[in-house]
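A.B. asks: The structure's right below; bear with me while I get my questions together.
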Amino acid sequence: MFPAGPAPRPKLRVLRALWALLVVLLAPWRLWAIQETQECTWQVVLNNLESVGKNDAIDHFVDQELYTVDKVFDLLVDAPIDPDEVRGLGAGEWERSWSCTLLGSGHLLTISLQTYLGFPYYLKINYSCTGEVSSEALVRKGHLTGLKPVVLVTFQSPVNFHRWKIEQLQIQMEAAPFRSPERCDAEEVCLMSWYTPMPIKNGSVVMRVDVSSNGLGPFIPNKRFHVNINGFLEGGRDRELQFTVGNELFHLIPQYFVNVPSRPLWYTVDQTPVLILGGIPEEKAILLTDTNFKDFFLVELSIDSCWVGSFYCPQASFTATIYDAIATESTLFIRQNQLIYYFTGTYTTLYESKRGSERWVRVLANECIKRLCPVHFHSNGSEYVMALTTGKHEGYVHFGTITDGLVSFQLLPRHWSVCSAILVVNCSITWATFIAGDYNLLMLVEIVGPASSKYFQVVSYDLVNDYLVVLYTIPEFIPDAQGLEFLMILGTESYTNFPMVPKGMSYNPYNNLLFIWGNFLLQSFNSENFIYLADFPKELSIKYLVNSFRGDMAIVTENEEIWYLLEGSYHVYQLFPSKAWDVYINLQVLQQSSLYAPNETMVTLFYEDKKLYQLVYLIDNQQGRLVKRLMPVEQLLIYQQISDEYVLERQGSHLTLSFSNFCPFTVMRLRELPNPKIYTRQERYRAQPPRVSEPWGFHSENSLAVYQGLVYYLLWLHSKYDKPYADPAHDPTWRWWKNKKQDQDYHFYLASNRRSAGSVHVDMTSYEKIYDLKAENELPERIFLDKGTSYSFSVFLTARKPEVLHGPSFQVLSPVDLAVVLADPHCIEAIVKEKVLVNLTSVLFWVKLSDKRSCFDQGISGHHLMKTSMLVKVLGLSGHCFQNTNQGPRMQSNLMVPVLIGCPPGKRLAFDITYTVQYNRAQNKHYFDCVKVDPEMPCFLFRDIFYPFFLIQDLVTGDSGSFQGSYVLKVVGGGPTLDTIKEYSEEEIYRFNSPLDKTGSLIWTTENTMTTEDLSFNIMSHNSLGIEWLCQENSPCHDTIPYHIFAPEFFFKVLVSNRGVDKSTYCDYQLTFLLHIHGLPLSARRAFLILLVSASLFVGLVILYIVCCLLSPYMVKFCNILRWKINSIIGLESYYTYSTPSDGRAFSHSGTVSWRNSRLNSRVFYKGAEENKAET
């Protein structure tokens, strides 16, 4: 009950004011919702340090050296970041173990712990909308309405996993608004942009940048950009960039592209930072891009252009055209005439040194190379390329291997040619495909038989076993499908009169699908039994295939037609030219799209992020330009259905148009998706810009530099976390804030009152690792499966017009059946359960994909993974069902997911030092550390039983638990000091660790009875009875010489591995760590010698003491006499010195006195002499 009076009125006025303010704030949003939604898109460019704030500055990723931002951090004297702590001066426990700087998965170039470091580039972010003239006004509007771009940088894992760690790393950053320093008429802000650091990581030269909105401001769809390091550019004079491979041409002449045939774009999938494309007629020039043709360069190559013609090189003429061009992670390959060249880029993030080429290198100079064949996937830490020869080495393949930029070739087969192996006289290799996972080389061989008849065979060569076999003989003529979509070739079918002319092969390692193409299309899942796809017309000839390796592929014919195929189906769709293409082009012309013109020539066709793109040369208004545009596959398929299947129905006096919808369901939804991090193995960090006290929220160059240093240090902590000894907390950022958390409220108080040092506040909670990502209602990009693990989800299909049959059970009679196609059913299995939801007219399918524990041995985390795939499809509906989204139609009913079987990346074995010390103290009833305590490496006493414990840590999900499996422990090195540690040989490792050793060399033993199959080593587990240190006579730790008064100590280098003894996982956990043992006993001989010397010294000292005590009186008397004699001598010398000649007689008389007189007489004579001297 409230008292009477007007007291509540002020509160009422406040509430009304708040409601009015809320209406004012919500009114613009409501007006925007009523208006038509604008199509906006993100714009991202790269800026170096000098270009920050400049309006039109665009840079390329060339510089790979980091710079110091230490001076900026020195200003933050009262901030959560302690510069001394980062330098290693404030935390003594870090100084030794953090002596080398890591970033990503290896040593970072030219970096030490003495400075804060920043990356050489920023990402500058803006956006634009259709119908808006001023993009600057849009950016200001977005900033004032709270828009902040969120940038997700994904680092591509490296090729060479022997040098760098395999990991799927991401960092999510919020962009910081920055006001341009350029002068303008506005009082507060005229030009502004958002900036984030552009981080780099060793081992990665390919980065994907995904830009999204924070949910405020205008709606802007997510967009992906490719920001790659260009190792073929270098800074010249006046910091102008110049190419190391040649000279840039600045004019795109129409004759370079008009009426020039398109050519394939060849590169290592997902690993290539720079793409190249040849085929420019009569010019030794290529198109080069580091942004997937968002922009590009025309470069004239600096090659010698020689033509070494000879009798074994049947080439009719010389041309400057670059015919074949292949790009790998670090090296470019080209073929001109019969010669091939390569050029290695300068990538210090890959090699730790500047190993780039100075000029193009010609290889296989004495060979006549007729074709280069690409290898799309890397394997065993290397990339590959193949060169087909003609002439003297006909029937051989030059197999090239690229490892860390070093190129080597070998001739295959090793001992005989393919012609000799298949017992023919005349043959030629038309195409070669390398299956990297199986180390198997497939060759398409043309054989000239009797009467000059030609036929083709598919030949397989096993590189490991040096074994060659014929897999399949291609029919001479095209089969007669008799109206069928496909035909299984069994040898009993009829054939047409059209000869089969094979030209090449394409292999997808994820679904084991091999295509042979020419004027036909054959596909096989086992490389032996083939299916003929009859939809492709035999009158056409395929020029090249473009495979997405995600379930679909495009086909380009010799007359530049484009066809499309969904893998797993047998229908081939014609995209261009077609009626659907004409409809689409007319609509684009009506919309005045700048990506289409009446006169255009396709340059190449390629996939990017599962979407098909064209590179097209357009001529519009006498102006030529090269553009990259999306190939609207889904839209064309929809138009094709509409144009092919429609019915004219008469309703009254007029005709109506009705279309048939072949898709029996309206929508396909994915539900109950698990946490994606467990299966995608993506590690993600989050970083936000430091808070600034500027009223409008704009950052300065100093605060951006602080942002650079914070992002660098966050990634540095990530790389440093992969160490043998586990931290008490399973979090890479734990060390950063462990001594600062208690001051968090104090720093927040300073920031709230704008009293932070340097006007910058660093929030500790803004730099962390993210573990709780949610699924986005779509299947992940890839799935990693360990031994026996499974992936489950559900598919929800809403039927369009189902017919329901009532009875004991409900059935939806609409043809909606879900199928799961597995590429390797002997390795993985799928279980599908169906539930009909009659009231929702829907069908719910539960799908569970599981590993069958049969197709992989054990491997290092992320190494040698087996590629396979899962295809989820609605039967009979491939290419017929689409879903409309804000980014256009999306194909449904055909979902392909790559599956990688083996030890997933991000899992490791760590030494649980915290629990080990606790358990050893409890079991041994005591714990004695070293005299000089090292928190990073505690000591253990030699005479105590040692109980080691280990952790299985998942760096992706944050899980950490005790290792419950079996393992083998070996001492593989050691020394009395850290500087004298040596590696042991295999024979020494056996003698020092094997219970079968009879040479007296064992270092340790255990009471466990379990051993390996050959009885060579003991098998340990978390329930083991512990380790007893022996250090027998012939072991390296026996009779260790102490360097001080304390007991000897020894550093053991210990290897722990579960390979061959743990059947619960595919992971071969290998952990090598140092174990510090003190209190080692001396040998019996050395101990007796030390005892003898010590006893001798003690007895000698005792005897000396006794002798001194007995002789001390005599020694005192002797000393007194000696003293008296010395004084007498001194007195006589003084008397002779000061006596006169007149007193010589007296003095002489005095000098004749016997020395046996008493001391008193001596004093009298001495006194008399002094008196005589005085009288004189």
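We label chains A, B, ... in the order they appear in the structure tokens, count residues from 1 in each chain, and number ligands from 1 in the order shown.
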Would you mind writing down, as a count of residues only, each residue of stretch 665-864 of chain A that DSSP on the backbone assigns to alpha helix (DSSP H)?
C.D. replies: 38
A.B. asks: Mind the document's chain letters and residue numbers, and return as an mmCIF file with N, CA, C and O atoms, in the first residue's frame the residues of stretch 340-467 of chain A that DSSP labels strand (DSSP E or B).
C.D. replies:
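Below is the file result_11.cif, written as the result:
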data_model
loop_
_atom_site.group_PDB
_atom_site.id
_atom_site.type_symbol
_atom_site.label_atom_id
_atom_site.label_comp_id
_atom_site.auth_asym_id
_atom_site.auth_seq_id
_atom_site.Cartn_x
_atom_site.Cartn_y
_atom_site.Cartn_z
ATOM 1 N N ILE A 340 59.561 -28.592 -69.809
ATOM 2 C CA ILE A 340 58.831 -28.214 -68.605
ATOM 3 C C ILE A 340 59.770 -27.434 -67.686
ATOM 4 O O ILE A 340 60.976 -27.690 -67.621
ATOM 5 N N TYR A 341 59.184 -26.482 -66.981
ATOM 6 C CA TYR A 341 59.901 -25.624 -66.048
ATOM 7 C C TYR A 341 59.144 -25.611 -64.723
ATOM 8 O O TYR A 341 57.929 -25.851 -64.683
ATOM 9 N N TYR A 342 59.891 -25.279 -63.677
ATOM 10 C CA TYR A 342 59.238 -25.054 -62.397
ATOM 11 C C TYR A 342 59.887 -23.860 -61.706
ATOM 12 O O TYR A 342 61.043 -23.508 -61.964
ATOM 13 N N PHE A 343 59.118 -23.254 -60.834
ATOM 14 C CA PHE A 343 59.577 -22.091 -60.065
ATOM 15 C C PHE A 343 59.023 -22.225 -58.650
ATOM 16 O O PHE A 343 57.823 -22.387 -58.466
ATOM 17 N N THR A 344 59.912 -22.163 -57.662
ATOM 18 C CA THR A 344 59.528 -22.277 -56.259
ATOM 19 C C THR A 344 59.431 -20.893 -55.640
ATOM 20 O O THR A 344 60.367 -20.095 -55.747
ATOM 21 N N VAL A 361 63.454 -23.003 -63.530
ATOM 22 C CA VAL A 361 64.365 -24.138 -63.625
ATOM 23 C C VAL A 361 63.805 -25.122 -64.647
ATOM 24 O O VAL A 361 62.661 -25.578 -64.524
ATOM 25 N N ARG A 362 64.619 -25.442 -65.654
ATOM 26 C CA ARG A 362 64.198 -26.417 -66.641
ATOM 27 C C ARG A 362 64.596 -27.814 -66.157
ATOM 28 O O ARG A 362 65.736 -28.055 -65.761
ATOM 29 N N VAL A 363 63.635 -28.722 -66.173
ATOM 30 C CA VAL A 363 63.891 -30.095 -65.757
ATOM 31 C C VAL A 363 63.567 -31.028 -66.913
ATOM 32 O O VAL A 363 62.820 -30.689 -67.835
ATOM 33 N N CYS A 368 61.330 -35.470 -74.190
ATOM 34 C CA CYS A 368 60.272 -34.818 -74.953
ATOM 35 C C CYS A 368 58.962 -35.031 -74.202
ATOM 36 O O CYS A 368 58.395 -36.125 -74.205
ATOM 37 N N ILE A 369 58.500 -33.999 -73.529
ATOM 38 C CA ILE A 369 57.305 -34.081 -72.697
ATOM 39 C C ILE A 369 56.104 -33.648 -73.524
ATOM 40 O O ILE A 369 56.059 -32.527 -74.050
ATOM 41 N N LYS A 370 55.148 -34.536 -73.619
ATOM 42 C CA LYS A 370 53.955 -34.221 -74.407
ATOM 43 C C LYS A 370 52.804 -33.717 -73.565
ATOM 44 O O LYS A 370 51.867 -33.114 -74.090
ATOM 45 N N ARG A 371 52.851 -33.969 -72.246
ATOM 46 C CA ARG A 371 51.723 -33.531 -71.411
ATOM 47 C C ARG A 371 52.140 -33.569 -69.945
ATOM 48 O O ARG A 371 52.910 -34.424 -69.518
ATOM 49 N N LEU A 372 51.600 -32.614 -69.193
ATOM 50 C CA LEU A 372 51.667 -32.655 -67.739
ATOM 51 C C LEU A 372 50.313 -33.110 -67.213
ATOM 52 O O LEU A 372 49.265 -32.651 -67.689
ATOM 53 N N CYS A 373 50.338 -33.998 -66.231
ATOM 54 C CA CYS A 373 49.107 -34.465 -65.599
ATOM 55 C C CYS A 373 49.123 -34.064 -64.131
ATOM 56 O O CYS A 373 50.125 -34.282 -63.433
ATOM 57 N N PRO A 374 48.040 -33.494 -63.628
ATOM 58 C CA PRO A 374 48.031 -33.036 -62.238
ATOM 59 C C PRO A 374 47.705 -34.164 -61.267
ATOM 60 O O PRO A 374 47.107 -35.183 -61.635
ATOM 61 N N SER A 379 49.972 -36.239 -50.356
ATOM 62 C CA SER A 379 50.047 -37.467 -49.573
ATOM 63 C C SER A 379 51.448 -37.597 -48.994
ATOM 64 O O SER A 379 52.435 -37.204 -49.630
ATOM 65 N N SER A 382 53.971 -34.692 -49.116
ATOM 66 C CA SER A 382 54.496 -34.203 -50.394
ATOM 67 C C SER A 382 53.357 -34.002 -51.377
ATOM 68 O O SER A 382 52.245 -34.511 -51.198
ATOM 69 N N GLU A 383 53.672 -33.252 -52.433
ATOM 70 C CA GLU A 383 52.768 -33.088 -53.563
ATOM 71 C C GLU A 383 53.410 -33.720 -54.786
ATOM 72 O O GLU A 383 54.625 -33.953 -54.820
ATOM 73 N N TYR A 384 52.581 -33.937 -55.816
ATOM 74 C CA TYR A 384 53.074 -34.700 -56.949
ATOM 75 C C TYR A 384 52.594 -34.080 -58.258
ATOM 76 O O TYR A 384 51.570 -33.399 -58.320
ATOM 77 N N VAL A 385 53.374 -34.350 -59.308
ATOM 78 C CA VAL A 385 53.030 -33.957 -60.662
ATOM 79 C C VAL A 385 53.614 -35.004 -61.599
ATOM 80 O O VAL A 385 54.637 -35.644 -61.273
ATOM 81 N N MET A 386 52.964 -35.234 -62.728
ATOM 82 C CA MET A 386 53.416 -36.276 -63.643
ATOM 83 C C MET A 386 53.631 -35.699 -65.028
ATOM 84 O O MET A 386 52.857 -34.847 -65.492
ATOM 85 N N ALA A 387 54.694 -36.160 -65.688
ATOM 86 C CA ALA A 387 55.033 -35.731 -67.045
ATOM 87 C C ALA A 387 55.044 -36.962 -67.948
ATOM 88 O O ALA A 387 55.736 -37.950 -67.664
ATOM 89 N N LEU A 388 54.252 -36.898 -69.015
ATOM 90 C CA LEU A 388 54.181 -37.993 -69.982
ATOM 91 C C LEU A 388 55.133 -37.703 -71.128
ATOM 92 O O LEU A 388 55.186 -36.586 -71.650
ATOM 93 N N THR A 389 55.902 -38.713 -71.513
ATOM 94 C CA THR A 389 56.940 -38.528 -72.518
ATOM 95 C C THR A 389 56.532 -39.178 -73.825
ATOM 96 O O THR A 389 55.627 -40.020 -73.893
ATOM 97 N N THR A 390 57.223 -38.786 -74.847
ATOM 98 C CA THR A 390 57.125 -39.432 -76.146
ATOM 99 C C THR A 390 58.526 -39.544 -76.699
ATOM 100 O O THR A 390 59.457 -38.902 -76.220
ATOM 101 N N VAL A 397 56.517 -42.874 -67.331
ATOM 102 C CA VAL A 397 55.976 -41.664 -66.707
ATOM 103 C C VAL A 397 57.060 -41.080 -65.807
ATOM 104 O O VAL A 397 57.656 -41.802 -64.990
ATOM 105 N N HIS A 398 57.335 -39.794 -65.985
ATOM 106 C CA HIS A 398 58.233 -39.090 -65.075
ATOM 107 C C HIS A 398 57.390 -38.587 -63.900
ATOM 108 O O HIS A 398 56.545 -37.701 -64.051
ATOM 109 N N PHE A 399 57.636 -39.177 -62.746
ATOM 110 C CA PHE A 399 56.832 -38.904 -61.553
ATOM 111 C C PHE A 399 57.578 -37.898 -60.686
ATOM 112 O O PHE A 399 58.659 -38.187 -60.157
ATOM 113 N N GLY A 400 56.999 -36.706 -60.534
ATOM 114 C CA GLY A 400 57.637 -35.635 -59.785
ATOM 115 C C GLY A 400 57.094 -35.530 -58.368
ATOM 116 O O GLY A 400 55.887 -35.648 -58.144
ATOM 117 N N THR A 401 57.994 -35.311 -57.417
ATOM 118 C CA THR A 401 57.648 -35.164 -56.008
ATOM 119 C C THR A 401 58.120 -33.803 -55.535
ATOM 120 O O THR A 401 59.277 -33.424 -55.763
ATOM 121 N N ILE A 402 57.239 -33.071 -54.870
ATOM 122 C CA ILE A 402 57.559 -31.745 -54.345
ATOM 123 C C ILE A 402 57.422 -31.787 -52.832
ATOM 124 O O ILE A 402 56.331 -32.014 -52.306
ATOM 125 N N THR A 403 58.531 -31.584 -52.133
ATOM 126 C CA THR A 403 58.549 -31.581 -50.676
ATOM 127 C C THR A 403 59.274 -30.329 -50.206
ATOM 128 O O THR A 403 60.464 -30.164 -50.500
ATOM 129 N N LEU A 406 61.297 -28.491 -52.770
ATOM 130 C CA LEU A 406 62.339 -29.234 -53.471
ATOM 131 C C LEU A 406 61.683 -30.222 -54.429
ATOM 132 O O LEU A 406 60.817 -30.997 -54.034
ATOM 133 N N VAL A 407 62.117 -30.208 -55.691
ATOM 134 C CA VAL A 407 61.492 -30.985 -56.757
ATOM 135 C C VAL A 407 62.440 -32.093 -57.189
ATOM 136 O O VAL A 407 63.643 -31.856 -57.381
ATOM 137 N N SER A 408 61.901 -33.293 -57.306
ATOM 138 C CA SER A 408 62.681 -34.424 -57.812
ATOM 139 C C SER A 408 61.776 -35.279 -58.687
ATOM 140 O O SER A 408 60.567 -35.362 -58.455
ATOM 141 N N PHE A 409 62.377 -35.915 -59.717
ATOM 142 C CA PHE A 409 61.634 -36.766 -60.638
ATOM 143 C C PHE A 409 62.253 -38.155 -60.647
ATOM 144 O O PHE A 409 63.463 -38.320 -60.498
ATOM 145 N N GLN A 410 61.381 -39.146 -60.830
ATOM 146 C CA GLN A 410 61.831 -40.519 -61.038
ATOM 147 C C GLN A 410 61.047 -41.126 -62.183
ATOM 148 O O GLN A 410 59.897 -40.762 -62.448
ATOM 149 N N LEU A 411 61.685 -42.058 -62.885
ATOM 150 C CA LEU A 411 61.087 -42.688 -64.043
ATOM 151 C C LEU A 411 60.330 -43.933 -63.607
ATOM 152 O O LEU A 411 60.891 -44.824 -62.954
ATOM 153 N N LEU A 412 59.043 -44.000 -63.963
ATOM 154 C CA LEU A 412 58.184 -45.128 -63.609
ATOM 155 C C LEU A 412 57.571 -45.719 -64.875
ATOM 156 O O LEU A 412 57.232 -44.985 -65.805
ATOM 157 N N CYS A 427 53.019 -48.852 -77.857
ATOM 158 C CA CYS A 427 51.978 -48.291 -77.005
ATOM 159 C C CYS A 427 52.368 -46.882 -76.614
ATOM 160 O O CYS A 427 53.533 -46.478 -76.738
ATOM 161 N N SER A 428 51.406 -46.155 -76.106
ATOM 162 C CA SER A 428 51.621 -44.775 -75.688
ATOM 163 C C SER A 428 50.697 -44.477 -74.523
ATOM 164 O O SER A 428 49.529 -44.863 -74.531
ATOM 165 N N ILE A 429 51.237 -43.784 -73.519
ATOM 166 C CA ILE A 429 50.431 -43.402 -72.349
ATOM 167 C C ILE A 429 49.719 -42.099 -72.663
ATOM 168 O O ILE A 429 50.356 -41.061 -72.897
ATOM 169 N N THR A 430 48.396 -42.154 -72.661
ATOM 170 C CA THR A 430 47.592 -40.977 -72.980
ATOM 171 C C THR A 430 47.332 -40.113 -71.760
ATOM 172 O O THR A 430 47.320 -38.878 -71.851
ATOM 173 N N TRP A 431 47.125 -40.723 -70.613
ATOM 174 C CA TRP A 431 46.809 -39.989 -69.387
ATOM 175 C C TRP A 431 47.265 -40.813 -68.194
ATOM 176 O O TRP A 431 47.378 -42.045 -68.279
ATOM 177 N N ALA A 432 47.544 -40.133 -67.096
ATOM 178 C CA ALA A 432 47.948 -40.817 -65.870
ATOM 179 C C ALA A 432 47.253 -40.156 -64.688
ATOM 180 O O ALA A 432 47.116 -38.921 -64.643
ATOM 181 N N THR A 433 46.829 -40.974 -63.750
ATOM 182 C CA THR A 433 46.182 -40.510 -62.519
ATOM 183 C C THR A 433 46.819 -41.223 -61.342
ATOM 184 O O THR A 433 46.952 -42.456 -61.352
ATOM 185 N N PHE A 434 47.220 -40.454 -60.338
ATOM 186 C CA PHE A 434 47.875 -41.025 -59.170
ATOM 187 C C PHE A 434 46.896 -41.061 -58.011
ATOM 188 O O PHE A 434 46.339 -40.027 -57.626
ATOM 189 N N ILE A 435 46.668 -42.253 -57.462
ATOM 190 C CA ILE A 435 45.835 -42.425 -56.279
ATOM 191 C C ILE A 435 46.760 -42.368 -55.078
ATOM 192 O O ILE A 435 47.433 -43.354 -54.741
ATOM 193 N N ASN A 440 49.188 -45.779 -55.908
ATOM 194 C CA ASN A 440 48.865 -46.538 -57.101
ATOM 195 C C ASN A 440 48.759 -45.567 -58.273
ATOM 196 O O ASN A 440 48.117 -44.521 -58.176
ATOM 197 N N LEU A 441 49.397 -45.923 -59.370
ATOM 198 C CA LEU A 441 49.404 -45.091 -60.569
ATOM 199 C C LEU A 441 48.536 -45.752 -61.630
ATOM 200 O O LEU A 441 48.812 -46.879 -62.066
ATOM 201 N N LEU A 442 47.462 -45.061 -62.031
ATOM 202 C CA LEU A 442 46.583 -45.537 -63.098
ATOM 203 C C LEU A 442 46.971 -44.844 -64.393
ATOM 204 O O LEU A 442 47.109 -43.617 -64.431
ATOM 205 N N MET A 443 47.121 -45.632 -65.449
ATOM 206 C CA MET A 443 47.537 -45.091 -66.745
ATOM 207 C C MET A 443 46.557 -45.522 -67.826
ATOM 208 O O MET A 443 46.130 -46.682 -67.868
ATOM 209 N N LEU A 444 46.199 -44.580 -68.661
ATOM 210 C CA LEU A 444 45.375 -44.840 -69.831
ATOM 211 C C LEU A 444 46.325 -45.055 -71.005
ATOM 212 O O LEU A 444 46.997 -44.122 -71.457
ATOM 213 N N VAL A 445 46.410 -46.288 -71.480
ATOM 214 C CA VAL A 445 47.418 -46.680 -72.458
ATOM 215 C C VAL A 445 46.750 -46.936 -73.803
ATOM 216 O O VAL A 445 45.779 -47.711 -73.894
ATOM 217 N N GLU A 446 47.279 -46.287 -74.822
ATOM 218 C CA GLU A 446 46.839 -46.525 -76.198
ATOM 219 C C GLU A 446 47.770 -47.549 -76.834
ATOM 220 O O GLU A 446 48.995 -47.380 -76.837
ATOM 221 N N ILE A 447 47.163 -48.600 -77.371
ATOM 222 C CA ILE A 447 47.934 -49.709 -77.933
ATOM 223 C C ILE A 447 47.611 -49.819 -79.410
ATOM 224 O O ILE A 447 46.434 -49.826 -79.814
ATOM 225 N N VAL A 448 48.658 -49.890 -80.214
ATOM 226 C CA VAL A 448 48.507 -50.079 -81.661
ATOM 227 C C VAL A 448 48.685 -51.555 -81.951
ATOM 228 O O VAL A 448 49.773 -52.127 -81.755
ATOM 229 N N LYS A 454 43.694 -49.650 -83.151
ATOM 230 C CA LYS A 454 44.014 -49.075 -81.849
ATOM 231 C C LYS A 454 42.962 -49.483 -80.820
ATOM 232 O O LYS A 454 41.772 -49.541 -81.135
ATOM 233 N N TYR A 455 43.426 -49.745 -79.634
ATOM 234 C CA TYR A 455 42.525 -49.961 -78.515
ATOM 235 C C TYR A 455 43.222 -49.434 -77.255
ATOM 236 O O TYR A 455 44.430 -49.180 -77.250
ATOM 237 N N PHE A 456 42.424 -49.291 -76.189
ATOM 238 C CA PHE A 456 42.921 -48.654 -74.965
ATOM 239 C C PHE A 456 42.729 -49.596 -73.783
ATOM 240 O O PHE A 456 41.749 -50.353 -73.718
ATOM 241 N N GLN A 457 43.660 -49.500 -72.861
ATOM 242 C CA GLN A 457 43.595 -50.267 -71.623
ATOM 243 C C GLN A 457 43.896 -49.365 -70.429
ATOM 244 O O GLN A 457 44.650 -48.389 -70.552
ATOM 245 N N VAL A 458 43.290 -49.716 -69.294
ATOM 246 C CA VAL A 458 43.595 -49.052 -68.032
ATOM 247 C C VAL A 458 44.576 -49.935 -67.286
ATOM 248 O O VAL A 458 44.267 -51.091 -66.961
ATOM 249 N N VAL A 459 45.761 -49.410 -67.033
ATOM 250 C CA VAL A 459 46.846 -50.168 -66.428
ATOM 251 C C VAL A 459 47.150 -49.572 -65.061
ATOM 252 O O VAL A 459 47.218 -48.348 -64.900
ATOM 253 N N SER A 460 47.342 -50.442 -64.079
ATOM 254 C CA SER A 460 47.641 -50.019 -62.712
ATOM 255 C C SER A 460 49.063 -50.404 -62.361
ATOM 256 O O SER A 460 49.499 -51.541 -62.632
ATOM 257 N N TYR A 461 49.787 -49.464 -61.749
ATOM 258 C CA TYR A 461 51.160 -49.720 -61.306
ATOM 259 C C TYR A 461 51.264 -49.397 -59.819
ATOM 260 O O TYR A 461 50.980 -48.268 -59.397
ATOM 261 N N ASP A 462 51.651 -50.393 -59.035
ATOM 262 C CA ASP A 462 51.816 -50.259 -57.588
ATOM 263 C C ASP A 462 53.236 -49.781 -57.307
ATOM 264 O O ASP A 462 54.214 -50.497 -57.554
ATOM 265 N N TYR A 467 54.628 -53.394 -59.014
ATOM 266 C CA TYR A 467 53.812 -54.413 -59.673
ATOM 267 C C TYR A 467 52.857 -53.726 -60.633
ATOM 268 O O TYR A 467 52.205 -52.731 -60.280
#
A.B. asks: Please produce, as CSV, a per-residue contact table for stretch 604-627 of chain A versus stretch 561-565 of chain A (criterion: any atom at most 12 Å away, only C-alpha atoms considered), showing the nearest atom pair and its distance in Å to one decimal, sorted by chain then residue number.
C.D. replies:
residue,atom,partner,partner_atom,distance
A:Thr604,CA,A:Ile562,CA,11.1
A:Leu605,CA,A:Ile562,CA,9.2
A:Phe606,CA,A:Ile562,CA,11.8
A:Leu612,CA,A:Tyr564,CA,10.3
A:Tyr613,CA,A:Ile562,CA,11.9
A:Gln614,CA,A:Ile562,CA,10.7
A.B. asks: Can you pull out the residues contacting A:His718? Cut-off 12 Å, using only C-alpha atoms, and skip same-chain residues under 4 positions away; I want them as a PyMOL selection string.
C.D. replies: chain A and resi 101-106+167+169-171+201+683-686+711-714+722-723+730-736+767-769+906+955-956
A.B. asks: Of the residues A:Val603, A:Ile860, A:Val633, A:Leu1111, which is the one nearest to A:Phe882, using only C-alpha atoms?
C.D. replies: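 When distances to A:Phe882 are compared using only C-alpha atoms, the smallest one comes from A:Val633.
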A.B. asks: For A:Pro825, list every protein, DNA or RNA residue within 10 Å, evaluated using only C-alpha atoms, and leave out those in the same chain fewer than 5 positions away; present the list as a ChimeraX atom specification.
C.D. replies: /A:830,851-852,868-870
